[in-house]
$ cat run.cif   # mmCIF, C-alpha atoms
data_structure
#
loop_
_atom_site.label_atom_id
_atom_site.label_comp_id
_atom_site.auth_asym_id
_atom_site.auth_seq_id
_atom_site.Cartn_x
_atom_site.Cartn_y
_atom_site.Cartn_z
CA MET A 4 -10.61 -55.89 26.55
CA TRP A 5 -7.90 -53.61 25.17
CA LYS A 6 -6.04 -56.35 23.37
CA PRO A 7 -8.78 -57.06 20.81
CA ILE A 8 -9.18 -53.36 20.10
CA LEU A 9 -5.46 -52.83 19.67
CA ALA A 10 -5.19 -55.96 17.55
CA ALA A 11 -8.06 -54.79 15.36
CA ALA A 12 -6.50 -51.34 14.99
CA ALA A 13 -3.14 -52.87 14.09
CA ALA A 14 -4.79 -55.11 11.50
CA ILE A 15 -6.56 -52.12 9.91
CA VAL A 16 -3.37 -50.05 9.77
CA THR A 17 -1.37 -52.97 8.35
CA ALA A 18 -4.00 -53.64 5.70
CA ALA A 19 -4.18 -49.98 4.75
CA CYS A 20 -0.42 -49.72 4.45
CA SER A 21 0.03 -52.87 2.42
CA SER A 22 -2.83 -52.17 0.02
CA SER A 23 -1.79 -48.61 -0.72
CA ALA A 24 1.99 -48.76 -0.54
CA SER A 25 2.29 -47.58 -4.13
CA ARG A 26 0.34 -44.45 -3.22
CA PHE A 27 2.80 -43.59 -0.46
CA GLU A 28 5.82 -44.28 -2.65
CA ALA A 29 4.52 -41.83 -5.26
CA PHE A 30 3.65 -39.17 -2.66
CA GLN A 31 5.23 -35.82 -3.43
CA PRO A 32 5.24 -33.16 -0.74
CA PRO A 33 3.36 -30.01 -1.67
CA PRO A 34 5.47 -27.18 -3.06
CA VAL A 35 6.84 -24.67 -0.58
CA VAL A 36 5.61 -21.12 -1.08
CA LYS A 37 7.85 -18.45 0.39
CA VAL A 38 5.98 -15.37 1.61
CA MET A 39 7.21 -12.03 2.96
CA THR A 40 5.19 -9.18 4.39
CA PHE A 41 6.11 -5.59 5.14
CA ASN A 42 4.49 -2.48 6.48
CA VAL A 43 6.18 0.07 4.25
CA TYR A 44 5.09 2.98 6.52
CA LEU A 45 3.18 6.01 5.34
CA GLY A 46 6.17 8.22 5.99
CA ALA A 47 4.78 10.16 8.96
CA ASP A 48 2.26 10.03 11.74
CA GLU A 49 -0.78 11.50 10.05
CA SER A 50 -2.94 11.59 13.19
CA PRO A 51 -2.22 15.29 13.94
CA ILE A 52 -4.16 16.12 10.77
CA LEU A 53 -7.22 14.38 12.22
CA THR A 54 -7.16 16.40 15.44
CA ALA A 55 -6.03 19.81 14.17
CA PRO A 56 -8.45 22.74 14.47
CA ALA A 57 -9.69 23.77 11.01
CA ALA A 58 -7.75 27.04 11.07
CA GLN A 59 -4.50 25.16 11.81
CA LEU A 60 -5.06 22.31 9.35
CA PRO A 61 -2.93 23.70 6.48
CA ILE A 62 -0.01 24.36 8.85
CA VAL A 63 -0.25 20.96 10.58
CA ALA A 64 -0.62 19.21 7.21
CA ALA A 65 2.47 21.05 5.94
CA GLY A 66 4.46 19.66 8.87
CA VAL A 67 3.24 16.13 8.19
CA TRP A 68 3.99 16.53 4.47
CA ALA A 69 7.53 17.74 5.28
CA THR A 70 8.07 14.63 7.41
CA ILE A 71 6.79 12.39 4.61
CA GLN A 72 9.30 13.96 2.23
CA ARG A 73 12.17 13.62 4.75
CA THR A 74 11.50 9.89 5.20
CA ASP A 75 12.31 9.61 1.47
CA PHE A 76 10.41 6.58 0.26
CA ARG A 77 12.52 6.43 -2.90
CA GLU A 78 15.53 5.51 -0.77
CA ARG A 79 13.49 3.22 1.49
CA ALA A 80 12.06 1.47 -1.57
CA GLY A 81 15.60 0.62 -2.67
CA ARG A 82 16.48 -0.91 0.70
CA LEU A 83 13.20 -2.82 0.78
CA ALA A 84 13.82 -4.06 -2.76
CA ASP A 85 17.26 -5.30 -1.65
CA LEU A 86 15.62 -7.35 1.12
CA ILE A 87 12.93 -8.76 -1.16
CA ALA A 88 15.27 -9.53 -4.06
CA GLY A 89 17.73 -11.19 -1.68
CA ALA A 90 15.10 -13.48 -0.18
CA ALA A 91 13.27 -14.08 -3.51
CA PRO A 92 9.83 -14.80 -2.02
CA ASP A 93 7.01 -16.09 -4.20
CA LEU A 94 4.54 -13.63 -2.67
CA VAL A 95 5.00 -10.28 -0.94
CA GLY A 96 2.28 -8.70 1.17
CA LEU A 97 2.51 -4.96 1.73
CA GLN A 98 0.67 -2.63 4.07
CA GLU A 99 0.46 1.19 4.04
CA VAL A 100 1.29 1.38 0.35
CA VAL A 101 0.17 4.90 -0.38
CA SER A 102 -0.01 7.22 -3.30
CA TYR A 103 0.41 10.91 -2.52
CA ARG A 104 -1.00 13.38 -5.02
CA VAL A 105 -0.66 17.15 -5.00
CA GLN A 106 -2.58 20.00 -6.56
CA SER A 107 -1.35 23.56 -7.00
CA PRO A 108 -3.14 25.68 -6.36
CA GLY A 109 -5.18 23.39 -4.14
CA ASP A 110 -8.89 24.04 -4.08
CA ALA A 111 -9.96 21.90 -1.11
CA ALA A 112 -9.54 24.77 1.36
CA PHE A 113 -11.98 26.87 -0.66
CA GLY A 114 -14.68 24.25 -1.13
CA GLY A 115 -13.41 23.06 -4.50
CA THR A 116 -14.13 19.55 -5.68
CA ALA A 117 -11.37 18.94 -8.25
CA PRO A 118 -9.20 16.10 -6.88
CA ALA A 119 -5.44 16.37 -6.80
CA THR A 120 -4.04 14.44 -9.74
CA SER A 121 -0.30 15.14 -9.84
CA VAL A 122 1.34 12.06 -8.30
CA ARG A 123 4.24 12.98 -6.03
CA TYR A 124 4.86 9.51 -4.55
CA ASP A 125 3.37 6.19 -5.67
CA TYR A 126 4.88 3.76 -3.18
CA LEU A 127 3.83 0.65 -5.10
CA GLN A 128 5.30 1.85 -8.39
CA LEU A 129 8.49 3.04 -6.70
CA LEU A 130 8.95 -0.36 -5.08
CA LEU A 131 8.17 -2.26 -8.28
CA ASP A 132 10.67 -0.09 -10.17
CA SER A 133 13.32 -0.72 -7.48
CA LEU A 134 12.70 -4.45 -7.66
CA SER A 135 12.89 -4.43 -11.45
CA ALA A 136 16.23 -2.57 -11.30
CA ARG A 137 17.52 -5.51 -9.24
CA GLY A 138 16.23 -8.08 -11.72
CA ALA A 139 13.37 -9.11 -9.44
CA ARG A 140 10.12 -9.14 -11.40
CA TYR A 141 6.96 -8.79 -9.34
CA THR A 142 3.43 -7.83 -10.32
CA ALA A 143 0.74 -6.37 -8.12
CA VAL A 144 -2.12 -8.86 -8.13
CA ALA A 145 -4.40 -7.31 -5.53
CA ALA A 146 -4.82 -3.91 -3.92
CA ARG A 147 -7.43 -2.67 -1.54
CA PRO A 148 -7.64 1.11 -1.25
CA THR A 149 -8.95 2.12 2.15
CA SER A 150 -9.13 5.90 1.92
CA ASP A 151 -8.71 8.87 -0.37
CA VAL A 152 -8.29 12.14 1.49
CA GLU A 153 -7.37 15.60 0.30
CA VAL A 154 -5.94 18.07 2.80
CA PRO A 155 -4.90 21.68 2.18
CA VAL A 156 -1.19 22.20 2.81
CA LEU A 157 0.75 25.44 3.06
CA ALA A 158 3.91 24.69 1.12
#
$ encode --input "run.cif" --output "structure tokens"
Amino acid sequence: MWKPILAAAAAIVTAACSSSASRFEAFQPPPVVKVMTFNVYLGADESPILTAPAAQLPIVAAGVWATIQRTDFRERAGRLADLIAGAAPDLVGLQEVVSYRVQSPGDAAFGGTAPATSVRYDYLQLLLDSLSARGARYTAVAARPTSDVEVPVLA
């Protein structure tokens, strides 16, 4: 019983191969797309801000802000740009790409509604600038903001 089935299958495969050999000879493999992904890190654990009592919020936020500044994204952006430029990927996916804005004097602690507009750190722009300085040209093609929070900080 198996022999006729195998013979029929072999005949079909042979016919398919012989009738479309030119298609297989012209087959080109799809292009390879090199992708890299990085979590660039916010610069500090921001969770203490979420659990701080209201009276302590400016002090806790100041500690988190100090940590963000110490982690120096400008320097980290250069090292990340070295990695990316060295590997030359076609696409780069990034997570935790933040923009930190400041306002002085801040009005959030007093019920104000004017948003902070002075950009202190724009992680995406800093990384793009670092890449460009290394001759690696990349463009942001998609971004999905997930939050925009203003916190009073004692500086």
$ atom_distance --input "run.cif" --atom1 "atom CA of A:Met39" --atom2 "atom CA of A:Ala91"
9.1 Å
$ residues_near_point --input "run.cif" --point "(3.6, 16.5, 9.9)" --cutoff "9 Å" --atoms "only C-alpha atoms" --output "JSON, numbers by chain"
{"A": [47, 48, 49, 50, 51, 52, 62, 63, 64, 65, 66, 67, 68, 69, 70, 71]}
$ residues_around --input "run.cif" --residues "A:Gly81" --least-positions-apart "2" --cutoff "8 Å" --atoms "all atoms listed in the file" --output "MDAnalysis selection string"
chainID A and resid 77:79 83:85 130 133:134
$ closest_residue --input "run.cif" --among "A:Pro155, A:Val105, A:Val43, A:Gly89" --to "A:Leu129" --atoms "all atoms listed in the file"
A:Val43
$ atom_distance --input "run.cif" --atom1 "atom CA of A:Pro118" --atom2 "atom CA of A:Leu53"
19.3 Å
$ atom_distance --input "run.cif" --atom1 "atom CA of A:Leu127" --atom2 "atom CA of A:Leu86"
15.5 Å
$ closest_residue --input "run.cif" --among "A:Ala119, A:Ala57, A:Leu97, A:Ile87" --to "A:Val144" --atoms "all atoms listed in the file"
A:Leu97
$ resolve_selection --input "run.cif" --expression "the PyMOL selection byres ((chain A and resi 152) around 10)" --output "list in words"
Tyr103, Arg104, Pro118, Ala119, Ser150, Asp151, Glu153 and Val154 of chain A
$ closest_residue --input "run.cif" --among "A:Pro56, A:Pro34, A:Gly46, A:Gly114" --to "A:Gln72" --atoms "all atoms listed in the file"
A:Gly46
$ resolve_selection --input "run.cif" --expression "the PyMOL selection byres ((chain A and resi 37) around 12)" --output "list of chain:residue names"
A:Pro34, A:Val35, A:Val36, A:Val38, A:Met39, A:Thr40, A:Ile87, A:Ala90, A:Ala91, A:Pro92, A:Asp93, A:Leu94, A:Val95, A:Gly96
$ closest_residue --input "run.cif" --among "A:Ser107, A:Thr149, A:Gln31, A:Ser102" --to "A:Gln128" --atoms "all atoms listed in the file"
A:Ser102
$ closest_residue --input "run.cif" --among "A:Tyr126, A:Thr74, A:Arg137, A:Pro61" --to "A:Val156" --atoms "all atoms listed in the file"
A:Pro61
